[in-house]
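Please read the structure below before turning to the comments.
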Amino acid sequence: GGRPGEPRPLPIGFGLPAVADGVVVAVFEDFVGRTVVMRHDHERILGLGDGETWPLHSLLAHVDLAEGIVPGASVLQASSVLAAALAASNTTAPPHAHLSLLAAPASFPWASLGGWPDLLSFSARREVTFLEPPLRALPQPQQT
């Protein structure tokens, strides 16, 4: 149940699929669990990096990896293979995951990435671009 826009707690271990067909390019530790990065070559972002197009990447953060999710692994959205599972939180926050989207050049050095601080440094230098979703207001609950 619940109303639209209300948070709904999910159990630890809840399966998280890939957002689109892709290839795992990086896995690194974060302060809750791990982050898995997938490249989606069929989606490209125009106008970044001196006019070249960059592949879309999705990042699932604060997760436990599903079996077989290692750099180089192919993940199909439509398959029953999950990308990750909701990790137990080692903070006061309830278990949760974050989905981020970014564009990065095909030559991006994922293998040498040390984690979120490195990724944010690349972003500050505009060597990758995080994609911000358009904001819209959530529906207001009906007054009863």
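Here's how to read the names in the structure tokens: chain A, B, ... by the order shown, residue numbers from 1 in each chain, ligand numbers from 1 in the order shown.
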
List every residue of chain A that DSSP, applied to the backbone of this structure, places in helix (DSSP H, G or I), and write the result as a short mmCIF file (atom, residue, chain, number, x, y, z; two decimals) with C-alpha atoms, in the first residue's frame.
```cif
data_model
loop_
_atom_site.label_atom_id
_atom_site.label_comp_id
_atom_site.auth_asym_id
_atom_site.auth_seq_id
_atom_site.Cartn_x
_atom_site.Cartn_y
_atom_site.Cartn_z
CA TRP A 110 37.44 2.90 -15.37
CA ALA A 111 39.99 0.25 -14.33
CA SER A 112 42.06 2.82 -12.42
CA TRP A 116 33.50 8.15 -5.62
CA PRO A 117 36.16 10.76 -4.70
CA ASP A 118 38.00 10.04 -7.97
CA LEU A 119 34.77 10.08 -9.96
CA LEU A 120 33.71 13.41 -8.45
CA SER A 121 37.16 14.84 -9.25
CA PHE A 122 36.76 13.78 -12.91
CA SER A 123 33.33 15.44 -12.87
CA ALA A 124 34.73 18.69 -11.46
#
```

Could you list, as a compact mmCIF listing (two decimals) with C-alpha atoms, in the first residue's frame, every residue within 10 Å of stretch 81-95 of chain A, counting only C-alpha atoms and ignoring same-chain residues fewer than 4 positions away?
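Result went into around.txt, see below:
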```txt
# COMPACT_ATOMS: atom_id res chain seq x y z
CA PRO A 9 10.84 0.47 2.54
CA LEU A 10 12.37 -2.43 0.64
CA PRO A 11 13.95 -5.45 2.31
CA ILE A 12 17.69 -6.01 2.44
CA GLY A 13 18.57 -8.21 -0.53
CA PHE A 14 15.81 -6.76 -2.74
CA GLY A 15 16.94 -7.41 -6.34
CA LEU A 16 17.84 -4.48 -8.56
CA PRO A 17 17.88 -5.02 -12.35
CA ALA A 18 20.04 -3.15 -14.84
CA VAL A 19 18.34 -0.01 -16.15
CA VAL A 24 29.90 -3.64 -16.25
CA PHE A 31 30.45 3.88 2.51
CA VAL A 32 27.38 1.59 2.65
CA GLY A 33 28.16 -1.24 0.22
CA ARG A 34 29.43 -1.15 -3.34
CA THR A 35 28.79 0.83 -6.49
CA VAL A 36 28.43 -0.92 -9.84
CA VAL A 37 28.93 1.09 -13.05
CA MET A 38 27.43 -0.12 -16.36
CA LEU A 60 23.84 1.72 -8.70
CA ALA A 61 25.28 2.73 -5.33
CA HIS A 62 24.97 1.23 -1.83
CA VAL A 63 24.36 -2.28 -3.12
CA ASP A 64 25.61 -5.84 -2.82
CA LEU A 65 26.66 -7.25 -6.18
CA ALA A 66 24.65 -10.01 -7.78
CA GLU A 67 26.53 -13.16 -8.76
CA GLY A 68 28.71 -12.69 -11.84
CA ILE A 69 28.66 -8.88 -11.73
CA VAL A 70 32.31 -8.07 -12.41
CA SER A 74 27.28 -8.21 -19.93
CA VAL A 75 23.94 -7.49 -18.27
CA LEU A 76 20.63 -7.58 -20.10
CA GLN A 77 17.74 -5.60 -18.67
```

Practice prompt. Would you work out the distance separating atom CA of A:Gly22 from atom CA of A:Arg125, expressed in Å to one decimal?
Written response: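 The value is 25.6 Å.
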
Item to complete: Identify which of the residues A:Val25, A:Leu59, A:Ala97, A:Ala20 lies closest to A:Pro109, counting only C-alpha atoms when measuring atom-to-atom distances.
Response: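 Closest candidate: A:Val25.
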
Fill in: Closest of A:Asp30, A:Ala78, A:His40, A:Pro7 to A:Ala106 - atom-to-atom distances counting only C-alpha atoms
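The closest residue to A:Ala106 is A:His40.
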
Item to complete: Just give me the gap between atom CA of A:Ser58 and atom CA of A:Gly114 in Å, one decimal is fine.
Response: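 The value is 17.2 Å.
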
Worksheet entry | Secondary structure check, strand (DSSP E or B) residues of chain A, as a PyMOL selection string | chain A and resi 15-16+22-29+34-45+54-65+74-75+84-86+98-103+129-130

Write out, as a tab-separated table (two decimals), in the first residue's frame, the residues just selected, with N, CA and C atoms.
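Result written to selection.tsv:
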```
chain	number	residue	atom	x	y	z
A	15	GLY	N	16.21	-7.38	-5.07
A	15	GLY	CA	16.94	-7.41	-6.34
A	15	GLY	C	16.77	-6.15	-7.16
A	16	LEU	N	17.85	-5.67	-7.73
A	16	LEU	CA	17.84	-4.48	-8.56
A	16	LEU	C	18.32	-4.85	-9.97
A	22	GLY	N	23.73	-3.55	-20.92
A	22	GLY	CA	25.02	-2.90	-20.79
A	22	GLY	C	26.12	-3.84	-20.40
A	23	VAL	N	27.28	-3.25	-20.17
A	23	VAL	CA	28.48	-3.97	-19.76
A	23	VAL	C	28.99	-3.33	-18.48
A	24	VAL	N	29.33	-4.15	-17.49
A	24	VAL	CA	29.90	-3.64	-16.25
A	24	VAL	C	31.31	-3.14	-16.54
A	25	VAL	N	31.56	-1.86	-16.20
A	25	VAL	CA	32.89	-1.29	-16.45
A	25	VAL	C	33.66	-1.04	-15.17
A	26	ALA	N	32.97	-0.98	-14.02
A	26	ALA	CA	33.67	-0.74	-12.75
A	26	ALA	C	32.80	-1.19	-11.59
A	27	VAL	N	33.47	-1.59	-10.53
A	27	VAL	CA	32.85	-1.90	-9.25
A	27	VAL	C	33.78	-1.34	-8.19
A	28	PHE	N	33.24	-0.58	-7.24
A	28	PHE	CA	34.09	-0.07	-6.16
A	28	PHE	C	33.29	0.05	-4.87
A	29	GLU	N	34.01	0.08	-3.76
A	29	GLU	CA	33.40	0.20	-2.45
A	29	GLU	C	32.85	1.61	-2.27
A	34	ARG	N	28.63	-1.32	-2.13
A	34	ARG	CA	29.43	-1.15	-3.34
A	34	ARG	C	28.65	-0.34	-4.36
A	35	THR	N	29.38	0.17	-5.34
A	35	THR	CA	28.79	0.83	-6.49
A	35	THR	C	29.16	0.03	-7.72
A	36	VAL	N	28.17	-0.25	-8.58
A	36	VAL	CA	28.43	-0.92	-9.84
A	36	VAL	C	28.13	0.08	-10.96
A	37	VAL	N	29.05	0.17	-11.93
A	37	VAL	CA	28.93	1.09	-13.05
A	37	VAL	C	28.75	0.27	-14.32
A	38	MET	N	27.69	0.57	-15.09
A	38	MET	CA	27.43	-0.12	-16.36
A	38	MET	C	27.42	0.88	-17.51
A	39	ARG	N	28.06	0.50	-18.61
A	39	ARG	CA	28.06	1.32	-19.83
A	39	ARG	C	26.96	0.80	-20.74
A	40	HIS	N	26.21	1.73	-21.31
A	40	HIS	CA	25.10	1.40	-22.21
A	40	HIS	C	25.42	2.02	-23.58
A	41	ASP	N	26.11	1.25	-24.41
A	41	ASP	CA	26.61	1.79	-25.69
A	41	ASP	C	25.51	2.21	-26.65
A	42	HIS	N	24.33	1.63	-26.53
A	42	HIS	CA	23.25	1.97	-27.47
A	42	HIS	C	22.67	3.36	-27.19
A	43	GLU	N	23.01	3.95	-26.05
A	43	GLU	CA	22.57	5.30	-25.73
A	43	GLU	C	23.80	6.19	-25.67
A	44	ARG	N	23.79	7.25	-26.49
A	44	ARG	CA	24.93	8.16	-26.51
A	44	ARG	C	24.43	9.57	-26.27
A	45	ILE	N	25.27	10.35	-25.62
A	45	ILE	CA	24.93	11.73	-25.27
A	45	ILE	C	25.70	12.64	-26.22
A	54	TRP	N	29.35	10.61	-26.16
A	54	TRP	CA	29.81	9.76	-25.06
A	54	TRP	C	28.73	8.76	-24.71
A	55	PRO	N	29.10	7.52	-24.40
A	55	PRO	CA	28.11	6.52	-23.99
A	55	PRO	C	27.49	6.89	-22.64
A	56	LEU	N	26.25	6.49	-22.49
A	56	LEU	CA	25.54	6.65	-21.23
A	56	LEU	C	26.03	5.57	-20.26
A	57	HIS	N	26.17	5.93	-18.99
A	57	HIS	CA	26.55	5.00	-17.93
A	57	HIS	C	25.54	5.11	-16.79
A	58	SER	N	25.21	3.99	-16.19
A	58	SER	CA	24.37	4.01	-14.99
A	58	SER	C	25.19	3.51	-13.81
A	59	LEU	N	24.93	4.08	-12.65
A	59	LEU	CA	25.62	3.68	-11.43
A	59	LEU	C	24.56	3.32	-10.39
A	60	LEU	N	24.67	2.14	-9.83
A	60	LEU	CA	23.84	1.72	-8.70
A	60	LEU	C	24.74	1.72	-7.48
A	61	ALA	N	24.43	2.58	-6.51
A	61	ALA	CA	25.28	2.73	-5.33
A	61	ALA	C	24.60	2.17	-4.09
A	62	HIS	N	25.41	1.78	-3.13
A	62	HIS	CA	24.97	1.23	-1.83
A	62	HIS	C	24.33	-0.14	-2.00
A	63	VAL	N	24.94	-0.98	-2.81
A	63	VAL	CA	24.36	-2.28	-3.12
A	63	VAL	C	25.34	-3.41	-2.82
A	64	ASP	N	24.81	-4.61	-2.77
A	64	ASP	CA	25.61	-5.84	-2.82
A	64	ASP	C	25.53	-6.32	-4.26
A	65	LEU	N	26.63	-6.82	-4.78
A	65	LEU	CA	26.66	-7.25	-6.18
A	65	LEU	C	25.96	-8.59	-6.34
A	74	SER	N	28.43	-8.78	-19.24
A	74	SER	CA	27.28	-8.21	-19.93
A	74	SER	C	26.03	-8.43	-19.08
A	75	VAL	N	25.19	-7.41	-19.03
A	75	VAL	CA	23.94	-7.49	-18.27
A	75	VAL	C	22.81	-7.06	-19.18
A	84	ALA	N	22.26	-6.16	-8.97
A	84	ALA	CA	22.66	-5.93	-7.59
A	84	ALA	C	21.48	-6.21	-6.67
A	85	ALA	N	21.75	-6.08	-5.38
A	85	ALA	CA	20.71	-6.23	-4.37
A	85	ALA	C	20.91	-5.15	-3.31
A	86	LEU	N	19.83	-4.75	-2.70
A	86	LEU	CA	19.88	-3.73	-1.67
A	86	LEU	C	20.76	-4.20	-0.52
A	98	HIS	N	21.08	4.25	-4.62
A	98	HIS	CA	21.05	5.46	-5.45
A	98	HIS	C	21.31	5.06	-6.90
A	99	LEU	N	20.58	5.67	-7.80
A	99	LEU	CA	20.81	5.51	-9.23
A	99	LEU	C	21.32	6.83	-9.77
A	100	SER	N	22.47	6.81	-10.41
A	100	SER	CA	23.02	7.99	-11.06
A	100	SER	C	23.25	7.66	-12.52
A	101	LEU	N	23.15	8.68	-13.36
A	101	LEU	CA	23.45	8.54	-14.78
A	101	LEU	C	24.55	9.52	-15.13
A	102	LEU	N	25.48	9.08	-15.95
A	102	LEU	CA	26.52	9.99	-16.41
A	102	LEU	C	26.92	9.63	-17.83
A	103	ALA	N	27.57	10.59	-18.47
A	103	ALA	CA	28.16	10.37	-19.78
A	103	ALA	C	29.67	10.45	-19.59
A	129	THR	N	30.33	13.70	-17.21
A	129	THR	CA	29.21	14.60	-16.92
A	129	THR	C	28.07	13.83	-16.30
A	130	PHE	N	27.72	14.18	-15.05
A	130	PHE	CA	26.54	13.59	-14.43
A	130	PHE	C	25.31	14.21	-15.06
```
